[in-house]
Every structure is written in structure tokens, then in C-alpha cells.
Amino acid sequence: MISSPCVRPAGLQVPSAGPPSSRDVRPRRRPGHAPAWRPPAAALLAWALGLHAVGCDSRDRPQEAANRTEARQPAPPAPVASRPPDPPKPGPGAQTYEHQGVRVAFELLPARGAESAEEGLREGRDAVFRFTITGDADGVGVAKSHPAAWLVPRVEGEGREALDAARMIARFLRGDRFSRPSLDLNVFYALTMNDDATVTVVDPFFGFGNTKLLTMVRLKGNAADWVLSGDGSRLYVSCPSANQVAVVDTATWSEVAAIDGLDRPTRLALQPDGHYLWAALDDPARPGIAAISTEGPRLAGRIATGRGAHELAFDGGGRHVFVTNGGDGTVSVVDVARLARVADLPTGPAPRSIAWSGASQMVYVADSQDGSVTILSPEDLKVVGRAVAEPGITQLRFSPDGTVGLAVNPGACAVHVLDAAAGRFVQRAGTDKNPDQVVFAGTLAYVRHLDSPIVQIIPLGGLGEEGRPVSVIDFPAGQKAPSARKVEPSLAASIAPVPGDDAVLVANPSDRTIYYYKQGMSAPMGSFSNYGRMPRATLTLDRSLRERSPGVYETVGRLGLAGEYNLAFLLDSPRITHYFAVKVLPDPTRRKRAGADLVVKALEAPAATAGTPVEIRFRITDRATGSPAGRLGDVTVLSMAPGGAQRRLPAAASGHDPGVYSVRWIPPRPGTHYLYAQSASGGLDVNRHWFLTVEAKESR
């Protein structure tokens, strides 16, 4: 499966080979290829590749396993005055497994909001999957272990030994399309904000056939900005043309609420404690900001500010929100507790960007007209300093440690480096044409350019030393510049860090493609299509197990249908594979809802040619019993062609095969087509019942 020692995401399209100067990153399609890579990639793939060579459990090589275990023992801690933290203690109902000096305890807990423990573990509910990994002798938590887990239905007669778990895990890691878990606890999703008022959700490293599209969220209008809640359970999206902020549940990928009646909401910012979501209101007749309580959600207040476009920043404690007024040359300061404006501070004539530095505990306001940065004290609510670069600054962002700020200047084709402690610009780096965004990922800063496909990389290690040349490297993120096609600009970033990896995703609207770049490479390692849509921004949602405290790893997942499951667990070192038992209880109320549990499944994947009729047959069954659903008279199929063209076709029920329907469909053009089923009487929502992908060939 892997022909090179370089481990890469197998589901990504790989650039064709050529001389480095060619910058050829056109994707090469590999129909039917099943991606196999998932974070943590190196550990999982190394384990999978060595599975058949060395056996399925470390008991096959006890001395090597013992050496690994010995190597993992933490060094004796240095003497400290404070008392060390207590070892993690799982609950009394935890299942445990011990191997090679390590104890793994598993708990399935109700997510927040459940009325009782039993109610929280029913089908369709969110649950917390928690693993506590400790040394079995001292009980000390084993940090940075990077466990992985998959939930699979238990097959009658299947064993629960380590060997059985190892075989199942190996199939998952190989990307076996016939061995798909009910719930994967090791994934991240890529979200794209598109030009047609949609958000596509993609699993970039897993799919079946040649597609990885999970779902598509339809909005009331094109989005301007978006932000995830702290736990990733909600996605907030501003839609200026609809005068609303949409709230999307990231478990079901459905819109669960909308804050309507806002005056052209644009920039969004979630305050540090997550209590309020703030939205800039850019209606010239009623400029201001809105405070949206995330509990509900509901509109908590509206505060008038100055004129012009608004950008938002918070101080470290979240006591104040600072709002730029691009038309007034001021920054309004709003007291969060009182939801009231308490000050208007003068800045440059056209404040364009604002950022907080955790290192200096100051707020910095960049001006596009005179190239200045005004420094504000959140304690005194006064101007305390000023730095000047060149006119034309459009964005200012600080490094993760807050020590240096990067000011992007499209007019000067430059990035200016601001020393937060000194309060002055100390370095300057030339860029390609029209830089417009900077995004930090790990120890690097990535600079996008509107008029060039080149993305420049600035290592943070060499920044902040006055007069020192700035090291800059670059890579091509596509064939065309983002501005090559006319697309409504977005306030959200078009570059997103990949969770758990030294890599980023880069959205190129002109190429209609997302590129995957890994640190140290001279070009993207691959790409994946955005299904005919122009991606204006991209975002990643981490759904993998994360370490909450030393030795304690957890994530939230939505339970599937009622029944018994195996939770396949993998730890790479020492190598542990094990099945934990999971029982999901039925939800009586859900069973009573008509159409709540219908499944649509294609009976075959037909060969298709553009312009030639083909019959599409599919079956609709009851998820709980597997029996055919009652005869539905309003079933339709929505076909989505490359480029977004849609066509709706009525489906005919089979006269002799219950639950089977068919449509006569003509692919309008070559390429990848997506088919969705819909039935109002059966409760089939077109957004959630995508059942078939067809690759239509070009007619000869």
C-alpha cells in the first residue's frame, strides 16, 4: 500500500513529479482509492505496517516490549517545593486492562446536559469517551501517549481478545472500505466556507470510493466569518445578507438556531470564557456590535459604536471587548459585565485591524492609512504608545506566545515585525504580490497572497531581533492566484492548522481545491477537491482523543443505534490492543418518531457516461429492524453535478421488491456526481441522505 518510506495522507491527491521549478501541483485522481491515514499518523501507520510482520500483540516479542516499557518510564522528577498532583482516578464503573506495566481504564460518561447517567447513554445522545492511562505500580498518569479508539458493533460469536482487536484495528488503518467503524475517535474534519452559501464538511483522510464529503450545510446567505465553540460542539456563522448568525450543531451538522434581526453581522469573536459571542454589525445606518449569549443561544444586547468597519479583540481576562471604528479613527471599549460602552480611544485615521498580546498585556490597533500601530492599555483604557511602519497595513496578528506581531501590508508587498515588549517595528520581510492574511501554526507563520498562489513561510525563531534578516521560504498552493476568479471575499482565514500535525490546509478558490502542506516540504503533499465549489475559507475541527490532564484522554462522540459494541483501543508504546464493551440503550421517544430511522442504500454503483441514461436503484429500510420502509409516494432524488448544477428526479417504487426505488438519470457532464434522497412523508432530509457517488466518464 505504501511504496515510499515517507508516510503521507493516502487519501490526498499527490502532485505529479517534475522539476522543482515547475511548481506543478495539479491533482492526480486515483478512482476507487481508499485513504488510510489518520492522526496520529506516524504512530498508527507504523503500527499497521508492522502488524503482520511482527504479530498482533507485543507478547510476540516480549523482550522488545519490555525494553520499550522500560524506556517509557519517566525520569525521576526534580525536587519541587509544591506537592505533586494526585494520580488520576477513574470512576468506580470503569473497565480496566493491564499490560506491560500500564493500566488502561475506560469510562463512557453522559455529556453535559443529560438528565441522568442512563439517559445520557442512549442512542443518538452525545457521550464522553474517557481513557485513564497510568502505570500499574505507581498510578502516575502516562502523558503524551496518543491513544486511538474506534467503536464497532459487536458481532455474535466474535472474540474480545487482543488479537481480535488488533485485526480489526489493522483494517481501519488500511482504510478498508468494508470495515468502517460506527464511530471513529481519531479524526479531524475540514470545513470549507463556499461561494454558494454552503459549508462543506470533509474527512480529508478517509472515504469510500473516491469521495470524502461527509455533509453539506446550507446557509441563508453567503458567510462572512465563523468561529467554533471552545469544545467544538457548535459552529457560529455570520451571514450579512440574511442579517443573522447561524448556529450549527457539529454532531448532526444541522442548523439548530439562528440569531435574526442583526444589522449585517460580519466579524465574529468568542470571548475567552465562551459566555458571549460578539458580532460586529456593519450596517452604515446602525453601526455597533451584538452580544449573543451562547446559552440558548439568544441576543443578550446591542451596543452602538462608531462608524465604519469593525474588528474585535479582548483583553486577557475578557473584561473588555475592543472595537475598531474604521470611519471614525477610534476604538470603542465595551464593558462585558455591563454590556455598555465605556470609552472611545483615538487611533490612526483608519483603524483596520486589532490584536491582543498576551506577553505585553496590551491591545494593538493597526491603521491602513498612515501605517501606524496604536498601543492601548486595558487597565487604564488609555493610549500608551505608538509604532509606525508603512501605510497600507491591513492585518495584524500576534504569535502564539504574544512576543511578536506580524503586520501584513499588501501595498508595500511586505510583512512588518513588531516587538510587543519594545512597542516598535524591528524587522521587515518582502513578500509576493498582494499579501492579505497571516496564520500561525506551530513555530511557523504562513502568509497568503491574493494575486499569487504562493504561500510564504516565516519561522518564528528568528523574529524579534532588530536588524536581523527575516528568513522566508515558500510553496505553491495551486496553479492560480486566489484572485483569478471573482469571489466574494471572506473575513475568515483561508489557511488552517491541521490538529496534531505540523501541517496546514490551504483553500484556493480559483482552483476549487484544498491543499495539504506539511512542514519541511517544498510543495503540498496532496490536495482534495471542494466538489465544484469555490472555497473562500477553511477551518479544522478536531474530533480526536485529547489529553485533558496527565494520563487522562477524552473526546465527545454521538452514540449510534442501540445495541452492544466493541470499543477497539490502541496504544502504540507499549503496544496495547484491547476491546472494551459498550452498551447503548434504546431511546423510546426516538423510536416513535416517524421516519427518524430510515436508511437509504444504493443497490449497485453503476458505470455511467455523460449524456447516456442510467438506472439508479436504491433501497429504503428501517434502521432498527432492517425491514423495508412503508411505501413512500413522494421519494425524489437530487443529483448534484460538477460545478454545483442540480436536478431533481421523481423516484418510482418497485412493484415487486418492497422498499426499492429507482430513477432514470442522465449525467449532464463528465466528473463526480452526488445523489441525495428526499421524502417529506418519510422524514428523509436531502441534506443528510447522500447515498451514492457516481463518476461519469466522457462520452466518445
# chains A, B, ... in the order shown; residues from 1 in each chain; ligands from 1
$ residues_around --residues "segment 258-273 of chain A" --least-positions-apart "4" --cutoff "10 Å" --atoms "only C-alpha atoms" --output "ChimeraX atom specification"
/A:220,223-230,236-248,277-292,294,297-299,302,309-321,336,490-492
$ residues_around --residues "Val201 of chain A" --least-positions-apart "6" --cutoff "7 Å" --atoms "only C-alpha atoms" --output "ChimeraX atom specification"
/A:189-192,213-216
$ atom_distance --atom1 "atom CA of Thr394 of chain A" --atom2 "atom CA of Thr431 of chain A"
14.3 Å
$ closest_residue --among "A:Ser681, A:Ser293, A:Asn530, A:Thr609" --to "Trp665 of chain A" --atoms "only C-alpha atoms"
A:Thr609
$ residues_around --residues "Val373 of chain A" --least-positions-apart "3" --cutoff "10 Å" --atoms "only C-alpha atoms" --output "mmCIF file with N, CA and C atoms, in the first residue's frame"
data_model
loop_
_atom_site.group_PDB
_atom_site.id
_atom_site.type_symbol
_atom_site.label_atom_id
_atom_site.label_comp_id
_atom_site.auth_asym_id
_atom_site.auth_seq_id
_atom_site.Cartn_x
_atom_site.Cartn_y
_atom_site.Cartn_z
ATOM 1 N N THR A 347 -7.164 56.562 17.620
ATOM 2 C CA THR A 347 -6.108 55.760 16.984
ATOM 3 C C THR A 347 -5.659 56.513 15.739
ATOM 4 N N GLY A 348 -5.128 55.805 14.753
ATOM 5 C CA GLY A 348 -4.849 56.417 13.470
ATOM 6 C C GLY A 348 -6.149 56.759 12.761
ATOM 7 N N PRO A 351 -8.398 52.863 11.406
ATOM 8 C CA PRO A 351 -8.028 51.592 12.058
ATOM 9 C C PRO A 351 -8.610 50.412 11.295
ATOM 10 N N SER A 353 -7.185 46.821 11.776
ATOM 11 C CA SER A 353 -7.017 45.524 12.429
ATOM 12 C C SER A 353 -6.653 45.743 13.896
ATOM 13 N N ILE A 354 -7.001 44.771 14.743
ATOM 14 C CA ILE A 354 -6.749 44.906 16.172
ATOM 15 C C ILE A 354 -6.375 43.541 16.727
ATOM 16 N N VAL A 363 -3.252 45.977 23.956
ATOM 17 C CA VAL A 363 -4.033 45.875 22.730
ATOM 18 C C VAL A 363 -3.369 46.741 21.668
ATOM 19 N N TYR A 364 -3.260 46.222 20.445
ATOM 20 C CA TYR A 364 -2.565 46.902 19.361
ATOM 21 C C TYR A 364 -3.534 47.116 18.204
ATOM 22 N N VAL A 365 -3.577 48.350 17.697
ATOM 23 C CA VAL A 365 -4.513 48.719 16.635
ATOM 24 C C VAL A 365 -3.715 49.188 15.421
ATOM 25 N N ALA A 366 -3.853 48.466 14.305
ATOM 26 C CA ALA A 366 -3.119 48.801 13.081
ATOM 27 C C ALA A 366 -3.971 49.686 12.188
ATOM 28 N N ASP A 367 -3.340 50.729 11.611
ATOM 29 C CA ASP A 367 -4.030 51.678 10.748
ATOM 30 C C ASP A 367 -3.562 51.511 9.313
ATOM 31 N N SER A 368 -4.525 51.394 8.386
ATOM 32 C CA SER A 368 -4.163 51.163 6.989
ATOM 33 C C SER A 368 -3.735 52.443 6.284
ATOM 34 N N ASP A 370 -2.091 55.425 7.625
ATOM 35 C CA ASP A 370 -0.775 56.000 7.948
ATOM 36 C C ASP A 370 0.256 54.957 8.367
ATOM 37 N N LEU A 376 -2.773 50.270 23.270
ATOM 38 C CA LEU A 376 -3.764 50.632 24.280
ATOM 39 C C LEU A 376 -3.573 49.802 25.540
ATOM 40 N N GLY A 385 1.241 54.081 23.684
ATOM 41 C CA GLY A 385 2.379 54.004 22.773
ATOM 42 C C GLY A 385 1.934 54.007 21.333
ATOM 43 N N ARG A 386 2.931 54.142 20.446
ATOM 44 C CA ARG A 386 2.637 54.191 19.024
ATOM 45 C C ARG A 386 3.882 53.750 18.253
ATOM 46 N N ALA A 387 3.675 52.886 17.261
ATOM 47 C CA ALA A 387 4.748 52.431 16.380
ATOM 48 C C ALA A 387 4.333 52.716 14.944
ATOM 49 N N VAL A 388 5.307 53.001 14.096
ATOM 50 C CA VAL A 388 4.997 53.373 12.717
ATOM 51 C C VAL A 388 5.812 52.508 11.758
ATOM 52 N N ALA A 389 5.128 51.961 10.754
ATOM 53 C CA ALA A 389 5.791 51.202 9.688
ATOM 54 C C ALA A 389 5.579 51.926 8.368
ATOM 55 N N ILE A 393 -1.138 48.859 5.942
ATOM 56 C CA ILE A 393 -1.302 47.667 6.769
ATOM 57 C C ILE A 393 -2.789 47.295 6.826
ATOM 58 N N LEU A 396 -3.091 42.620 11.436
ATOM 59 C CA LEU A 396 -2.062 42.464 12.466
ATOM 60 C C LEU A 396 -2.428 41.247 13.303
ATOM 61 N N ALA A 407 2.491 42.338 10.821
ATOM 62 C CA ALA A 407 1.571 43.261 10.166
ATOM 63 C C ALA A 407 1.691 43.073 8.658
ATOM 64 N N LEU A 418 6.645 43.393 14.568
ATOM 65 C CA LEU A 418 6.504 44.278 15.715
ATOM 66 C C LEU A 418 6.961 43.573 16.976
ATOM 67 N N GLY A 423 7.506 47.724 21.748
ATOM 68 C CA GLY A 423 6.495 48.602 21.173
ATOM 69 C C GLY A 423 6.945 49.288 19.903
ATOM 70 N N ARG A 424 7.788 48.609 19.084
ATOM 71 C CA ARG A 424 8.229 49.209 17.825
ATOM 72 C C ARG A 424 8.483 48.104 16.798
ATOM 73 N N PHE A 425 8.498 48.510 15.540
ATOM 74 C CA PHE A 425 8.800 47.578 14.456
ATOM 75 C C PHE A 425 10.305 47.379 14.376
#
$ residues_around --residues "Leu109 of chain A" --least-positions-apart "3" --cutoff "7 Å" --atoms "only C-alpha atoms" --output "VMD selection string"
chain A and resid 127 to 129
$ write_last_selection --atoms "N, CA and C atoms" --output "compact mmCIF listing (two decimals), in the first residue's frame"
# COMPACT_ATOMS: atom_id res chain seq x y z
N ALA A 127 -21.90 11.42 24.15
CA ALA A 127 -21.29 10.80 25.32
C ALA A 127 -19.80 11.12 25.34
N VAL A 128 -19.24 11.10 26.53
CA VAL A 128 -17.81 11.34 26.72
C VAL A 128 -17.08 10.00 26.79
N PHE A 129 -16.13 9.79 25.91
CA PHE A 129 -15.27 8.60 25.92
C PHE A 129 -13.97 9.00 26.64
$ residues_around --residues "Val342 of chain A" --least-positions-apart "4" --cutoff "7 Å" --atoms "only C-alpha atoms" --output "ChimeraX atom specification"
/A:333-335
$ write_last_selection --atoms "N, CA and C atoms" --output "JSON list (two decimals), in the first residue's frame"
[["chain", "number", "residue", "atom", "x", "y", "z"],
["A", 333, "VAL", "N", -14.52, 50.88, 23.57],
["A", 333, "VAL", "CA", -14.27, 49.88, 24.59],
["A", 333, "VAL", "C", -15.60, 49.56, 25.27],
["A", 334, "VAL", "N", -15.96, 48.27, 25.29],
["A", 334, "VAL", "CA", -17.23, 47.83, 25.87],
["A", 334, "VAL", "C", -16.95, 46.99, 27.10],
["A", 335, "ASP", "N", -17.61, 47.34, 28.20],
["A", 335, "ASP", "CA", -17.54, 46.56, 29.44],
["A", 335, "ASP", "C", -18.41, 45.32, 29.27]]
$ select_by_dssp --residues "segment 152-285 of chain A" --states "alpha helix (DSSP H)" --output "number ranges by chain"
A: 162-173
$ residues_around --residues "Thr621 of chain A" --least-positions-apart "5" --cutoff "9 Å" --atoms "only C-alpha atoms" --output "list in words"
Asp597, Leu598, Val599, Val600, Lys601, Gly626, Ser627, Pro628, Ala629, Gly630, Gly659 and Val660 of chain A
$ atom_distance --atom1 "atom CA of Ala111 of chain A" --atom2 "atom CA of Leu541 of chain A"
18.3 Å
$ decode --residues "segment 215-360 of chain A" --atoms "C-alpha atoms" --output "PDB file, in the first residue's frame"
ATOM      1  CA  THR A 215     -22.187  16.520   4.538  1.00  0.00           C
ATOM      2  CA  MET A 216     -23.084  19.994   3.381  1.00  0.00           C
ATOM      3  CA  VAL A 217     -24.659  22.742   5.477  1.00  0.00           C
ATOM      4  CA  ARG A 218     -26.856  25.233   3.645  1.00  0.00           C
ATOM      5  CA  LEU A 219     -26.990  28.809   4.917  1.00  0.00           C
ATOM      6  CA  LYS A 220     -29.458  31.647   4.355  1.00  0.00           C
ATOM      7  CA  GLY A 221     -26.733  33.699   2.652  1.00  0.00           C
ATOM      8  CA  ASN A 222     -23.012  33.793   1.982  1.00  0.00           C
ATOM      9  CA  ALA A 223     -20.960  33.669   5.151  1.00  0.00           C
ATOM     10  CA  ALA A 224     -18.560  36.418   6.210  1.00  0.00           C
ATOM     11  CA  ASP A 225     -16.925  34.830   9.248  1.00  0.00           C
ATOM     12  CA  TRP A 226     -17.195  31.815  11.513  1.00  0.00           C
ATOM     13  CA  VAL A 227     -15.950  30.588  14.878  1.00  0.00           C
ATOM     14  CA  LEU A 228     -16.097  27.281  16.760  1.00  0.00           C
ATOM     15  CA  SER A 229     -17.181  26.982  20.385  1.00  0.00           C
ATOM     16  CA  GLY A 230     -14.469  26.003  22.841  1.00  0.00           C
ATOM     17  CA  ASP A 231     -15.496  22.340  22.868  1.00  0.00           C
ATOM     18  CA  GLY A 232     -16.141  22.240  19.132  1.00  0.00           C
ATOM     19  CA  SER A 233     -19.810  21.330  19.549  1.00  0.00           C
ATOM     20  CA  ARG A 234     -21.130  24.486  17.868  1.00  0.00           C
ATOM     21  CA  LEU A 235     -20.165  26.407  14.750  1.00  0.00           C
ATOM     22  CA  TYR A 236     -21.282  30.046  14.619  1.00  0.00           C
ATOM     23  CA  VAL A 237     -21.538  31.598  11.144  1.00  0.00           C
ATOM     24  CA  SER A 238     -22.311  35.218  10.272  1.00  0.00           C
ATOM     25  CA  CYS A 239     -24.477  35.834   7.188  1.00  0.00           C
ATOM     26  CA  PRO A 240     -24.598  39.599   6.451  1.00  0.00           C
ATOM     27  CA  SER A 241     -27.097  39.383   3.584  1.00  0.00           C
ATOM     28  CA  ALA A 242     -29.533  37.442   5.803  1.00  0.00           C
ATOM     29  CA  ASN A 243     -28.924  39.702   8.844  1.00  0.00           C
ATOM     30  CA  GLN A 244     -28.347  36.658  11.006  1.00  0.00           C
ATOM     31  CA  VAL A 245     -25.817  34.482  12.817  1.00  0.00           C
ATOM     32  CA  ALA A 246     -26.465  30.777  12.231  1.00  0.00           C
ATOM     33  CA  VAL A 247     -25.709  28.174  14.911  1.00  0.00           C
ATOM     34  CA  VAL A 248     -24.724  24.733  13.592  1.00  0.00           C
ATOM     35  CA  ASP A 249     -24.563  21.563  15.705  1.00  0.00           C
ATOM     36  CA  THR A 250     -21.311  19.866  14.673  1.00  0.00           C
ATOM     37  CA  ALA A 251     -22.555  16.432  15.758  1.00  0.00           C
ATOM     38  CA  THR A 252     -25.547  16.421  13.400  1.00  0.00           C
ATOM     39  CA  TRP A 253     -24.295  19.176  11.063  1.00  0.00           C
ATOM     40  CA  SER A 254     -27.687  20.828  11.155  1.00  0.00           C
ATOM     41  CA  GLU A 255     -28.649  24.411  11.909  1.00  0.00           C
ATOM     42  CA  VAL A 256     -30.152  24.335  15.395  1.00  0.00           C
ATOM     43  CA  ALA A 257     -30.673  28.065  15.936  1.00  0.00           C
ATOM     44  CA  ALA A 258     -30.342  31.438  14.264  1.00  0.00           C
ATOM     45  CA  ILE A 259     -30.000  34.909  15.746  1.00  0.00           C
ATOM     46  CA  ASP A 260     -32.072  37.024  13.385  1.00  0.00           C
ATOM     47  CA  GLY A 261     -32.654  40.745  13.052  1.00  0.00           C
ATOM     48  CA  LEU A 262     -28.982  41.733  13.218  1.00  0.00           C
ATOM     49  CA  ASP A 263     -27.670  44.601  11.087  1.00  0.00           C
ATOM     50  CA  ARG A 264     -25.263  42.961   8.643  1.00  0.00           C
ATOM     51  CA  PRO A 265     -23.192  40.855  11.080  1.00  0.00           C
ATOM     52  CA  THR A 266     -19.634  40.338   9.834  1.00  0.00           C
ATOM     53  CA  ARG A 267     -16.693  39.670  12.151  1.00  0.00           C
ATOM     54  CA  LEU A 268     -17.337  37.162  14.960  1.00  0.00           C
ATOM     55  CA  ALA A 269     -15.334  36.681  18.158  1.00  0.00           C
ATOM     56  CA  LEU A 270     -15.938  34.347  21.099  1.00  0.00           C
ATOM     57  CA  GLN A 271     -14.849  35.851  24.402  1.00  0.00           C
ATOM     58  CA  PRO A 272     -12.310  33.846  26.456  1.00  0.00           C
ATOM     59  CA  ASP A 273     -14.825  32.254  28.840  1.00  0.00           C
ATOM     60  CA  GLY A 274     -17.181  31.400  25.976  1.00  0.00           C
ATOM     61  CA  HIS A 275     -20.194  33.091  27.577  1.00  0.00           C
ATOM     62  CA  TYR A 276     -20.787  35.671  24.849  1.00  0.00           C
ATOM     63  CA  LEU A 277     -20.306  35.500  21.122  1.00  0.00           C
ATOM     64  CA  TRP A 278     -19.709  39.003  19.776  1.00  0.00           C
ATOM     65  CA  ALA A 279     -20.751  40.047  16.280  1.00  0.00           C
ATOM     66  CA  ALA A 280     -19.672  43.231  14.515  1.00  0.00           C
ATOM     67  CA  LEU A 281     -22.642  44.988  12.884  1.00  0.00           C
ATOM     68  CA  ASP A 282     -21.574  46.826   9.749  1.00  0.00           C
ATOM     69  CA  ASP A 283     -24.832  48.438   8.648  1.00  0.00           C
ATOM     70  CA  PRO A 284     -23.820  52.087   7.979  1.00  0.00           C
ATOM     71  CA  ALA A 285     -27.154  53.281   9.360  1.00  0.00           C
ATOM     72  CA  ARG A 286     -26.798  51.424  12.680  1.00  0.00           C
ATOM     73  CA  PRO A 287     -23.138  50.634  13.401  1.00  0.00           C
ATOM     74  CA  GLY A 288     -22.401  48.648  16.526  1.00  0.00           C
ATOM     75  CA  ILE A 289     -21.823  45.198  17.965  1.00  0.00           C
ATOM     76  CA  ALA A 290     -24.121  42.483  19.298  1.00  0.00           C
ATOM     77  CA  ALA A 291     -23.568  40.273  22.338  1.00  0.00           C
ATOM     78  CA  ILE A 292     -25.043  36.804  21.830  1.00  0.00           C
ATOM     79  CA  SER A 293     -25.381  34.540  24.846  1.00  0.00           C
ATOM     80  CA  THR A 294     -24.162  31.066  23.927  1.00  0.00           C
ATOM     81  CA  GLU A 295     -26.613  29.596  26.440  1.00  0.00           C
ATOM     82  CA  GLY A 296     -29.761  29.320  24.424  1.00  0.00           C
ATOM     83  CA  PRO A 297     -28.458  30.929  22.238  1.00  0.00           C
ATOM     84  CA  ARG A 298     -30.104  34.353  22.377  1.00  0.00           C
ATOM     85  CA  LEU A 299     -29.374  38.004  21.738  1.00  0.00           C
ATOM     86  CA  ALA A 300     -28.205  39.491  25.036  1.00  0.00           C
ATOM     87  CA  GLY A 301     -27.606  43.072  23.963  1.00  0.00           C
ATOM     88  CA  ARG A 302     -26.706  45.521  21.255  1.00  0.00           C
ATOM     89  CA  ILE A 303     -24.154  48.310  21.791  1.00  0.00           C
ATOM     90  CA  ALA A 304     -23.779  51.293  19.467  1.00  0.00           C
ATOM     91  CA  THR A 305     -20.240  52.167  18.360  1.00  0.00           C
ATOM     92  CA  GLY A 306     -18.584  54.489  15.872  1.00  0.00           C
ATOM     93  CA  ARG A 307     -18.826  54.402  12.079  1.00  0.00           C
ATOM     94  CA  GLY A 308     -17.038  52.139   9.653  1.00  0.00           C
ATOM     95  CA  ALA A 309     -15.933  48.507   9.531  1.00  0.00           C
ATOM     96  CA  HIS A 310     -15.374  46.817  12.890  1.00  0.00           C
ATOM     97  CA  GLU A 311     -12.741  44.376  14.119  1.00  0.00           C
ATOM     98  CA  LEU A 312     -12.832  42.838  17.615  1.00  0.00           C
ATOM     99  CA  ALA A 313     -10.327  41.922  20.342  1.00  0.00           C
ATOM    100  CA  PHE A 314     -10.499  41.073  24.059  1.00  0.00           C
ATOM    101  CA  ASP A 315      -8.148  41.770  26.918  1.00  0.00           C
ATOM    102  CA  GLY A 316      -6.622  38.797  28.716  1.00  0.00           C
ATOM    103  CA  GLY A 317      -9.327  38.488  31.355  1.00  0.00           C
ATOM    104  CA  GLY A 318     -12.177  39.045  28.936  1.00  0.00           C
ATOM    105  CA  ARG A 319     -13.381  42.084  30.881  1.00  0.00           C
ATOM    106  CA  HIS A 320     -13.487  44.365  27.841  1.00  0.00           C
ATOM    107  CA  VAL A 321     -14.097  43.993  24.133  1.00  0.00           C
ATOM    108  CA  PHE A 322     -12.245  46.493  21.924  1.00  0.00           C
ATOM    109  CA  VAL A 323     -13.976  47.507  18.681  1.00  0.00           C
ATOM    110  CA  THR A 324     -12.345  49.386  15.808  1.00  0.00           C
ATOM    111  CA  ASN A 325     -14.364  52.116  14.108  1.00  0.00           C
ATOM    112  CA  GLY A 326     -12.824  52.361  10.648  1.00  0.00           C
ATOM    113  CA  GLY A 327     -14.719  55.513   9.699  1.00  0.00           C
ATOM    114  CA  ASP A 328     -14.112  57.473  12.909  1.00  0.00           C
ATOM    115  CA  GLY A 329     -10.442  56.794  13.695  1.00  0.00           C
ATOM    116  CA  THR A 330     -11.322  55.401  17.135  1.00  0.00           C
ATOM    117  CA  VAL A 331     -11.635  52.208  19.161  1.00  0.00           C
ATOM    118  CA  SER A 332     -14.734  51.745  21.310  1.00  0.00           C
ATOM    119  CA  VAL A 333     -14.270  49.879  24.593  1.00  0.00           C
ATOM    120  CA  VAL A 334     -17.225  47.834  25.869  1.00  0.00           C
ATOM    121  CA  ASP A 335     -17.536  46.561  29.439  1.00  0.00           C
ATOM    122  CA  VAL A 336     -18.535  42.897  29.099  1.00  0.00           C
ATOM    123  CA  ALA A 337     -20.240  42.606  32.501  1.00  0.00           C
ATOM    124  CA  ARG A 338     -22.375  45.718  31.963  1.00  0.00           C
ATOM    125  CA  LEU A 339     -22.802  45.340  28.174  1.00  0.00           C
ATOM    126  CA  ALA A 340     -22.080  49.053  27.906  1.00  0.00           C
ATOM    127  CA  ARG A 341     -19.615  51.235  26.017  1.00  0.00           C
ATOM    128  CA  VAL A 342     -17.263  52.868  28.498  1.00  0.00           C
ATOM    129  CA  ALA A 343     -14.674  54.643  26.315  1.00  0.00           C
ATOM    130  CA  ASP A 344     -13.712  55.770  22.817  1.00  0.00           C
ATOM    131  CA  LEU A 345      -9.959  55.909  22.314  1.00  0.00           C
ATOM    132  CA  PRO A 346      -8.242  57.756  19.430  1.00  0.00           C
ATOM    133  CA  THR A 347      -6.108  55.760  16.984  1.00  0.00           C
ATOM    134  CA  GLY A 348      -4.849  56.417  13.470  1.00  0.00           C
ATOM    135  CA  PRO A 349      -7.306  57.853  10.915  1.00  0.00           C
ATOM    136  CA  ALA A 350      -8.381  54.453   9.526  1.00  0.00           C
ATOM    137  CA  PRO A 351      -8.028  51.592  12.058  1.00  0.00           C
ATOM    138  CA  ARG A 352      -8.151  48.333  10.121  1.00  0.00           C
ATOM    139  CA  SER A 353      -7.017  45.524  12.429  1.00  0.00           C
ATOM    140  CA  ILE A 354      -6.749  44.906  16.172  1.00  0.00           C
ATOM    141  CA  ALA A 355      -4.990  42.240  18.245  1.00  0.00           C
ATOM    142  CA  TRP A 356      -4.155  41.346  21.842  1.00  0.00           C
ATOM    143  CA  SER A 357      -0.677  40.366  23.038  1.00  0.00           C
ATOM    144  CA  GLY A 358      -0.575  38.017  25.999  1.00  0.00           C
ATOM    145  CA  ALA A 359       3.111  38.765  26.503  1.00  0.00           C
ATOM    146  CA  SER A 360       2.770  42.531  26.925  1.00  0.00           C
TER     147      SER A 360
END
